[in-house]
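Raw contents of my_file-v2.cif, mmCIF, N, CA and C atoms:
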```
data_final
loop_
_atom_site.label_atom_id
_atom_site.label_comp_id
_atom_site.auth_asym_id
_atom_site.auth_seq_id
_atom_site.Cartn_x
_atom_site.Cartn_y
_atom_site.Cartn_z
N MET C 508 -13.60 61.13 98.91
CA MET C 508 -14.96 60.65 98.76
C MET C 508 -15.07 59.81 97.48
N LYS C 509 -15.76 58.69 97.58
CA LYS C 509 -15.88 57.77 96.47
C LYS C 509 -16.90 58.27 95.45
N LYS C 510 -16.53 58.23 94.16
CA LYS C 510 -17.44 58.66 93.10
C LYS C 510 -18.44 57.54 92.81
N HIS C 511 -19.65 57.93 92.44
CA HIS C 511 -20.67 56.95 92.06
C HIS C 511 -20.88 57.05 90.56
N TYR C 512 -20.70 55.93 89.88
CA TYR C 512 -20.85 55.88 88.43
C TYR C 512 -22.09 55.08 88.07
N HIS C 513 -22.60 55.32 86.88
CA HIS C 513 -23.74 54.55 86.39
C HIS C 513 -23.30 53.21 85.80
N VAL C 514 -21.99 52.99 85.72
CA VAL C 514 -21.44 51.79 85.10
C VAL C 514 -20.58 51.04 86.11
N LYS C 515 -20.68 49.71 86.09
CA LYS C 515 -19.84 48.85 86.93
C LYS C 515 -19.15 47.82 86.04
N LYS C 516 -18.22 47.10 86.63
CA LYS C 516 -17.52 46.03 85.92
C LYS C 516 -18.55 44.96 85.50
N ASN C 517 -18.36 44.40 84.31
CA ASN C 517 -19.21 43.36 83.71
C ASN C 517 -20.56 43.86 83.22
N ASP C 518 -20.81 45.18 83.22
CA ASP C 518 -22.04 45.72 82.64
C ASP C 518 -21.93 45.70 81.12
N LEU C 519 -23.06 45.55 80.46
CA LEU C 519 -23.11 45.65 79.01
C LEU C 519 -23.40 47.11 78.68
N VAL C 520 -22.49 47.76 77.92
CA VAL C 520 -22.63 49.18 77.61
C VAL C 520 -22.57 49.40 76.10
N MET C 521 -23.13 50.54 75.68
CA MET C 521 -23.04 50.94 74.27
C MET C 521 -22.35 52.29 74.20
N VAL C 522 -21.43 52.44 73.25
CA VAL C 522 -20.73 53.70 73.05
C VAL C 522 -21.68 54.64 72.31
N ILE C 523 -21.86 55.87 72.84
CA ILE C 523 -22.82 56.80 72.26
C ILE C 523 -22.16 57.92 71.46
N THR C 524 -20.85 58.05 71.54
CA THR C 524 -20.16 59.08 70.77
C THR C 524 -18.71 58.65 70.50
N GLY C 525 -18.12 59.22 69.46
CA GLY C 525 -16.73 58.91 69.12
C GLY C 525 -16.62 57.97 67.95
N LYS C 526 -15.42 57.49 67.70
CA LYS C 526 -15.17 56.66 66.52
C LYS C 526 -15.83 55.29 66.61
N ASP C 527 -16.12 54.81 67.82
CA ASP C 527 -16.76 53.50 68.00
C ASP C 527 -18.24 53.62 68.33
N LYS C 528 -18.88 54.71 67.93
CA LYS C 528 -20.29 54.96 68.23
C LYS C 528 -21.15 53.80 67.74
N GLY C 529 -22.04 53.32 68.62
CA GLY C 529 -22.96 52.24 68.27
C GLY C 529 -22.47 50.86 68.64
N ARG C 530 -21.21 50.72 69.04
CA ARG C 530 -20.68 49.40 69.39
C ARG C 530 -20.99 49.08 70.85
N THR C 531 -21.23 47.80 71.13
CA THR C 531 -21.52 47.37 72.50
C THR C 531 -20.44 46.42 72.98
N GLY C 532 -20.30 46.33 74.29
CA GLY C 532 -19.33 45.42 74.88
C GLY C 532 -19.43 45.43 76.40
N ARG C 533 -18.74 44.49 77.02
CA ARG C 533 -18.72 44.38 78.47
C ARG C 533 -17.62 45.26 79.04
N VAL C 534 -17.88 45.83 80.21
CA VAL C 534 -16.89 46.65 80.90
C VAL C 534 -15.88 45.71 81.56
N LEU C 535 -14.60 45.85 81.19
CA LEU C 535 -13.54 45.02 81.76
C LEU C 535 -12.97 45.62 83.04
N LYS C 536 -12.87 46.97 83.06
CA LYS C 536 -12.24 47.64 84.20
C LYS C 536 -12.75 49.07 84.30
N VAL C 537 -12.91 49.56 85.53
CA VAL C 537 -13.30 50.95 85.78
C VAL C 537 -12.10 51.66 86.40
N LEU C 538 -11.64 52.73 85.74
CA LEU C 538 -10.50 53.51 86.23
C LEU C 538 -11.05 54.77 86.90
N ARG C 539 -11.27 54.71 88.21
CA ARG C 539 -11.96 55.76 88.95
C ARG C 539 -11.19 57.08 88.98
N LYS C 540 -9.88 57.04 89.09
CA LYS C 540 -9.10 58.28 89.19
C LYS C 540 -9.17 59.11 87.92
N LYS C 541 -9.33 58.45 86.77
CA LYS C 541 -9.34 59.16 85.49
C LYS C 541 -10.73 59.25 84.86
N ASP C 542 -11.78 58.78 85.55
CA ASP C 542 -13.15 58.77 85.03
C ASP C 542 -13.25 58.04 83.70
N ARG C 543 -12.56 56.94 83.57
CA ARG C 543 -12.56 56.19 82.32
C ARG C 543 -12.85 54.71 82.58
N ILE C 544 -13.25 54.02 81.52
CA ILE C 544 -13.49 52.58 81.61
C ILE C 544 -12.84 51.90 80.41
N ILE C 545 -12.59 50.61 80.55
CA ILE C 545 -12.08 49.80 79.45
C ILE C 545 -13.19 48.85 79.05
N VAL C 546 -13.61 48.93 77.78
CA VAL C 546 -14.71 48.13 77.27
C VAL C 546 -14.16 47.10 76.30
N GLU C 547 -14.66 45.88 76.41
CA GLU C 547 -14.21 44.77 75.59
C GLU C 547 -14.46 45.03 74.10
N LYS C 548 -13.41 44.92 73.29
CA LYS C 548 -13.45 45.07 71.82
C LYS C 548 -13.93 46.45 71.36
N VAL C 549 -13.67 47.50 72.17
CA VAL C 549 -14.02 48.87 71.81
C VAL C 549 -12.79 49.74 72.02
N ASN C 550 -12.57 50.72 71.13
CA ASN C 550 -11.43 51.63 71.19
C ASN C 550 -10.11 50.86 71.13
N ILE C 551 -9.98 50.01 70.12
CA ILE C 551 -8.79 49.17 69.93
C ILE C 551 -7.64 50.03 69.41
N ILE C 552 -6.46 49.85 70.03
CA ILE C 552 -5.25 50.54 69.58
C ILE C 552 -4.18 49.49 69.28
N LYS C 553 -3.19 49.90 68.50
CA LYS C 553 -2.05 49.03 68.22
C LYS C 553 -0.87 49.52 69.05
N LYS C 554 -0.29 48.61 69.81
CA LYS C 554 0.84 48.96 70.67
C LYS C 554 2.06 48.20 70.18
N HIS C 555 3.14 48.93 69.92
CA HIS C 555 4.39 48.32 69.47
C HIS C 555 5.20 47.94 70.69
N VAL C 556 5.52 46.64 70.81
CA VAL C 556 6.20 46.11 71.99
C VAL C 556 7.57 45.57 71.59
N ARG C 557 8.57 45.97 72.34
CA ARG C 557 9.93 45.45 72.11
C ARG C 557 10.05 44.03 72.63
N PRO C 558 10.88 43.21 72.00
CA PRO C 558 11.11 41.87 72.53
C PRO C 558 11.82 41.94 73.88
N SER C 559 11.43 41.07 74.78
CA SER C 559 12.09 40.98 76.09
C SER C 559 12.16 39.52 76.49
N ALA C 560 12.63 39.29 77.70
CA ALA C 560 12.73 37.92 78.19
C ALA C 560 11.33 37.29 78.35
N LYS C 561 10.34 38.13 78.65
CA LYS C 561 8.98 37.63 78.87
C LYS C 561 8.17 37.51 77.59
N SER C 562 8.31 38.49 76.68
CA SER C 562 7.46 38.49 75.48
C SER C 562 8.29 38.50 74.20
N LYS C 563 7.64 38.06 73.13
CA LYS C 563 8.30 37.98 71.84
C LYS C 563 8.42 39.35 71.17
N GLY C 564 7.48 40.24 71.49
CA GLY C 564 7.48 41.56 70.86
C GLY C 564 6.60 41.59 69.64
N GLY C 565 6.51 42.73 68.99
CA GLY C 565 5.68 42.88 67.81
C GLY C 565 4.59 43.91 68.04
N ILE C 566 3.55 43.85 67.22
CA ILE C 566 2.45 44.79 67.32
C ILE C 566 1.27 44.10 67.99
N LEU C 567 0.88 44.61 69.15
CA LEU C 567 -0.24 44.05 69.90
C LEU C 567 -1.46 44.94 69.73
N GLU C 568 -2.64 44.33 69.63
CA GLU C 568 -3.88 45.09 69.62
C GLU C 568 -4.53 44.93 70.99
N ARG C 569 -4.92 46.06 71.59
CA ARG C 569 -5.55 46.00 72.90
C ARG C 569 -6.54 47.15 73.05
N GLU C 570 -7.40 47.02 74.08
CA GLU C 570 -8.40 48.05 74.33
C GLU C 570 -7.76 49.23 75.05
N SER C 571 -8.18 50.42 74.69
CA SER C 571 -7.72 51.64 75.33
C SER C 571 -8.88 52.20 76.15
N PRO C 572 -8.59 52.94 77.23
CA PRO C 572 -9.69 53.50 78.04
C PRO C 572 -10.52 54.51 77.26
N ILE C 573 -11.80 54.56 77.60
CA ILE C 573 -12.75 55.49 77.00
C ILE C 573 -13.44 56.23 78.15
N HIS C 574 -13.74 57.51 77.94
CA HIS C 574 -14.34 58.30 79.02
C HIS C 574 -15.73 57.77 79.36
N ILE C 575 -16.04 57.76 80.64
CA ILE C 575 -17.28 57.15 81.12
C ILE C 575 -18.52 57.88 80.63
N SER C 576 -18.38 59.16 80.26
CA SER C 576 -19.53 59.91 79.76
C SER C 576 -19.87 59.53 78.31
N ASN C 577 -19.01 58.80 77.65
CA ASN C 577 -19.23 58.41 76.26
C ASN C 577 -19.96 57.07 76.12
N VAL C 578 -20.38 56.47 77.24
CA VAL C 578 -21.09 55.19 77.18
C VAL C 578 -22.38 55.28 77.99
N MET C 579 -23.33 54.42 77.62
CA MET C 579 -24.57 54.26 78.37
C MET C 579 -24.82 52.78 78.58
N ILE C 580 -25.52 52.46 79.67
CA ILE C 580 -25.90 51.08 79.94
C ILE C 580 -26.82 50.61 78.81
N TYR C 581 -26.61 49.38 78.33
CA TYR C 581 -27.43 48.80 77.29
C TYR C 581 -28.44 47.86 77.93
N CYS C 582 -29.72 48.18 77.81
CA CYS C 582 -30.79 47.35 78.38
C CYS C 582 -31.14 46.27 77.36
N GLU C 583 -31.02 45.01 77.75
CA GLU C 583 -31.30 43.92 76.82
C GLU C 583 -32.79 43.78 76.53
N LYS C 584 -33.62 44.17 77.50
CA LYS C 584 -35.07 44.10 77.29
C LYS C 584 -35.54 45.18 76.31
N CYS C 585 -35.04 46.41 76.47
CA CYS C 585 -35.39 47.52 75.56
C CYS C 585 -34.63 47.42 74.25
N ALA C 586 -33.48 46.77 74.25
CA ALA C 586 -32.56 46.64 73.10
C ALA C 586 -32.04 48.00 72.66
N LYS C 587 -31.75 48.89 73.61
CA LYS C 587 -31.15 50.19 73.31
C LYS C 587 -30.47 50.74 74.55
N PRO C 588 -29.61 51.77 74.38
CA PRO C 588 -28.96 52.37 75.54
C PRO C 588 -29.97 53.18 76.34
N VAL C 589 -29.87 53.09 77.68
CA VAL C 589 -30.86 53.73 78.55
C VAL C 589 -30.19 54.44 79.72
N ARG C 590 -30.94 55.33 80.33
CA ARG C 590 -30.50 55.94 81.58
C ARG C 590 -30.80 54.99 82.72
N VAL C 591 -30.07 55.20 83.81
CA VAL C 591 -30.17 54.28 84.94
C VAL C 591 -30.63 55.04 86.17
N GLY C 592 -31.56 54.43 86.92
CA GLY C 592 -31.99 54.98 88.19
C GLY C 592 -31.59 54.04 89.31
N ARG C 593 -31.68 54.52 90.52
CA ARG C 593 -31.37 53.69 91.68
C ARG C 593 -32.58 53.62 92.58
N LYS C 594 -32.82 52.43 93.15
CA LYS C 594 -33.91 52.28 94.11
C LYS C 594 -33.56 51.20 95.12
N ILE C 595 -34.27 51.22 96.22
CA ILE C 595 -34.08 50.23 97.27
C ILE C 595 -35.26 49.28 97.24
N LEU C 596 -34.98 47.98 97.13
CA LEU C 596 -36.03 46.98 97.09
C LEU C 596 -36.61 46.76 98.49
N ASP C 597 -37.68 45.98 98.56
CA ASP C 597 -38.35 45.71 99.83
C ASP C 597 -37.44 45.01 100.84
N ASP C 598 -36.50 44.19 100.32
CA ASP C 598 -35.59 43.48 101.22
C ASP C 598 -34.40 44.34 101.64
N GLY C 599 -34.37 45.62 101.23
CA GLY C 599 -33.31 46.55 101.64
C GLY C 599 -32.11 46.58 100.71
N LYS C 600 -32.17 45.84 99.60
CA LYS C 600 -31.05 45.79 98.66
C LYS C 600 -31.12 46.98 97.69
N LYS C 601 -29.97 47.67 97.48
CA LYS C 601 -29.91 48.77 96.52
C LYS C 601 -29.62 48.21 95.14
N VAL C 602 -30.43 48.61 94.16
CA VAL C 602 -30.25 48.12 92.79
C VAL C 602 -30.37 49.27 91.81
N ARG C 603 -29.84 49.06 90.60
CA ARG C 603 -30.01 50.00 89.49
C ARG C 603 -31.09 49.45 88.57
N PHE C 604 -31.85 50.35 87.95
CA PHE C 604 -32.92 49.90 87.06
C PHE C 604 -32.97 50.76 85.82
N CYS C 605 -33.55 50.21 84.76
CA CYS C 605 -33.72 50.90 83.49
C CYS C 605 -34.87 51.90 83.65
N LYS C 606 -34.63 53.16 83.25
CA LYS C 606 -35.66 54.19 83.41
C LYS C 606 -36.80 54.04 82.40
N LYS C 607 -36.58 53.27 81.32
CA LYS C 607 -37.63 53.11 80.31
C LYS C 607 -38.60 51.98 80.65
N CYS C 608 -38.04 50.82 81.03
CA CYS C 608 -38.91 49.65 81.25
C CYS C 608 -38.94 49.19 82.72
N ASN C 609 -38.23 49.88 83.60
CA ASN C 609 -38.15 49.54 85.03
C ASN C 609 -37.56 48.15 85.29
N GLU C 610 -36.82 47.62 84.34
CA GLU C 610 -36.15 46.33 84.52
C GLU C 610 -34.92 46.52 85.41
N VAL C 611 -34.74 45.63 86.40
CA VAL C 611 -33.59 45.72 87.30
C VAL C 611 -32.34 45.26 86.55
N ILE C 612 -31.30 46.09 86.58
CA ILE C 612 -30.04 45.78 85.86
C ILE C 612 -29.14 44.90 86.72
N ASP C 613 -29.06 45.18 88.02
CA ASP C 613 -28.22 44.38 88.92
C ASP C 613 -28.91 43.05 89.19
N LYS C 614 -28.22 41.98 88.85
CA LYS C 614 -28.80 40.64 89.07
C LYS C 614 -28.35 40.07 90.39
#
```
Structure encoded using structure tokens:
Amino acid sequence: MKKHYHVKKNDLVMVITGKDKGRTGRVLKVLRKKDRIIVEKVNIIKKHVRPSAKSKGGILERESPIHISNVMIYCEKCAKPVRVGRKILDDGKKVRFCKKCNEVIDK
């Protein structure tokens, strides 16, 4: 059975706990099997890479996955992290909306 998350790819999210608390970024990837997401410029790690035929090697900085419960959708209208609700519009389209200002998140 497919899990339903409050976050999708390309959503603007804010980290609410951990070392990157308060930082915002776009969701690059959702890892459904591990309940984690990769957020742009959040949870940066240094990875030591050996030289190979494809790459030069050295120390690379990249994003590491963060648990999905540690982020909330960032509403641009409210300018803060918010909870998300789901509703069906008059034309039958399912959308997510901000629980504080009722602004539709899915464009």
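CA of Tyr581 (chain C) is positioned 14.5 Å from CA of Val549 (chain C).
The spacing separating CA of Leu519 (chain C) from atom C of Gly532 (chain C) amounts to 4.5 Å.
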Neighbour list for Val591 (chain C) as a PyMOL selection string, cut-off 8 Å, only N, CA and C atoms, skip fewer than 6 positions in-chain: chain C and resi 513+579-580+603-607
Write the residues of the preceding selection, restricted to N, CA and C atoms, as a PDB file, in the frame of the given file.
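This went into result_3.pdb:
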```
ATOM      1  N   HIS C 513     -22.600  55.320  86.880  1.00  0.00           N
ATOM      2  CA  HIS C 513     -23.740  54.550  86.390  1.00  0.00           C
ATOM      3  C   HIS C 513     -23.300  53.210  85.800  1.00  0.00           C
ATOM      4  N   MET C 579     -23.330  54.420  77.620  1.00  0.00           N
ATOM      5  CA  MET C 579     -24.570  54.260  78.370  1.00  0.00           C
ATOM      6  C   MET C 579     -24.820  52.780  78.580  1.00  0.00           C
ATOM      7  N   ILE C 580     -25.520  52.460  79.670  1.00  0.00           N
ATOM      8  CA  ILE C 580     -25.900  51.080  79.940  1.00  0.00           C
ATOM      9  C   ILE C 580     -26.820  50.610  78.810  1.00  0.00           C
ATOM     10  N   ARG C 603     -29.840  49.060  90.600  1.00  0.00           N
ATOM     11  CA  ARG C 603     -30.010  50.000  89.490  1.00  0.00           C
ATOM     12  C   ARG C 603     -31.090  49.450  88.570  1.00  0.00           C
ATOM     13  N   PHE C 604     -31.850  50.350  87.950  1.00  0.00           N
ATOM     14  CA  PHE C 604     -32.920  49.900  87.060  1.00  0.00           C
ATOM     15  C   PHE C 604     -32.970  50.760  85.820  1.00  0.00           C
ATOM     16  N   CYS C 605     -33.550  50.210  84.760  1.00  0.00           N
ATOM     17  CA  CYS C 605     -33.720  50.900  83.490  1.00  0.00           C
ATOM     18  C   CYS C 605     -34.870  51.900  83.650  1.00  0.00           C
ATOM     19  N   LYS C 606     -34.630  53.160  83.250  1.00  0.00           N
ATOM     20  CA  LYS C 606     -35.660  54.190  83.410  1.00  0.00           C
ATOM     21  C   LYS C 606     -36.800  54.040  82.400  1.00  0.00           C
ATOM     22  N   LYS C 607     -36.580  53.270  81.320  1.00  0.00           N
ATOM     23  CA  LYS C 607     -37.630  53.110  80.310  1.00  0.00           C
ATOM     24  C   LYS C 607     -38.600  51.980  80.650  1.00  0.00           C
TER      25      LYS C 607
END
```
Correct to one decimal, the distance CA of Gly592 (chain C)-CA of His511 (chain C) is 12.1 Å
Quick check on the file I pasted: which residues fall under the PyMOL selection byres ((chain C and resi 588) around 8)? Write them as a count of residues only. 15
Under the rule that all atoms listed in the file are counted, which of C:Val602, C:Ile552, C:Leu596, C:Ile544 is the nearest residue to His574 (chain C)?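 Between C:Val602, C:Ile552, C:Leu596, C:Ile544, the residue approaching His574 (chain C) most closely is C:Ile544.
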From the options C:Leu538, C:Val514, C:Ile545, C:Ala560, which residue's atoms come nearest to Ile573 (chain C), counting only C-alpha atoms?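 Counting only C-alpha atoms, the residue closest to Ile573 (chain C) is C:Ile545.
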Which of these residues is nearest to Ile551 (chain C), using only N, CA and C atoms: C:Glu570, C:Lys563, C:Lys536, C:Gly525?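 Once distances to Ile551 (chain C) are computed over only N, CA and C atoms, the minimum belongs to C:Glu570.
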Select from region 550-607 of chain C everything DSSP, run on the backbone, classes as strand (DSSP E), then give the selection as a ChimeraX atom specification. /C:551-556,565-570,573-574,578-582,587-589,591-595,601-605
Where does the PyMOL selection byres ((chain C and resi 568) around 6) land in this file, that is, which residues does it pick, as a PDB file with N, CA and C atoms, keeping the file's coordinate frame?
```pdb
ATOM      1  N   ILE C 552      -6.460  49.850  70.030  1.00  0.00           N
ATOM      2  CA  ILE C 552      -5.250  50.540  69.580  1.00  0.00           C
ATOM      3  C   ILE C 552      -4.180  49.490  69.280  1.00  0.00           C
ATOM      4  N   LYS C 553      -3.190  49.900  68.500  1.00  0.00           N
ATOM      5  CA  LYS C 553      -2.050  49.030  68.220  1.00  0.00           C
ATOM      6  C   LYS C 553      -0.870  49.520  69.050  1.00  0.00           C
ATOM      7  N   LYS C 554      -0.290  48.610  69.810  1.00  0.00           N
ATOM      8  CA  LYS C 554       0.840  48.960  70.670  1.00  0.00           C
ATOM      9  C   LYS C 554       2.060  48.200  70.180  1.00  0.00           C
ATOM     10  N   ILE C 566       3.550  43.850  67.220  1.00  0.00           N
ATOM     11  CA  ILE C 566       2.450  44.790  67.320  1.00  0.00           C
ATOM     12  C   ILE C 566       1.270  44.100  67.990  1.00  0.00           C
ATOM     13  N   LEU C 567       0.880  44.610  69.150  1.00  0.00           N
ATOM     14  CA  LEU C 567      -0.240  44.050  69.900  1.00  0.00           C
ATOM     15  C   LEU C 567      -1.460  44.940  69.730  1.00  0.00           C
ATOM     16  N   ARG C 569      -4.920  46.060  71.590  1.00  0.00           N
ATOM     17  CA  ARG C 569      -5.550  46.000  72.900  1.00  0.00           C
ATOM     18  C   ARG C 569      -6.540  47.150  73.050  1.00  0.00           C
ATOM     19  N   GLU C 570      -7.400  47.020  74.080  1.00  0.00           N
ATOM     20  CA  GLU C 570      -8.400  48.050  74.330  1.00  0.00           C
ATOM     21  C   GLU C 570      -7.760  49.230  75.050  1.00  0.00           C
TER      22      GLU C 570
END
```
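Proximity of C:Asn517, C:Asp598, C:Cys608, C:Val546 to Lys584 (chain C), computed with only N, CA and C atoms, is greatest for C:Cys608.
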Distance cut-off 6.5 Å, centre (-12.4, 40.8, 77.2) in file coordinates, counting only N, CA and C atoms: which residues qualify? Return them as number ranges by chain. C: 535, 547-548
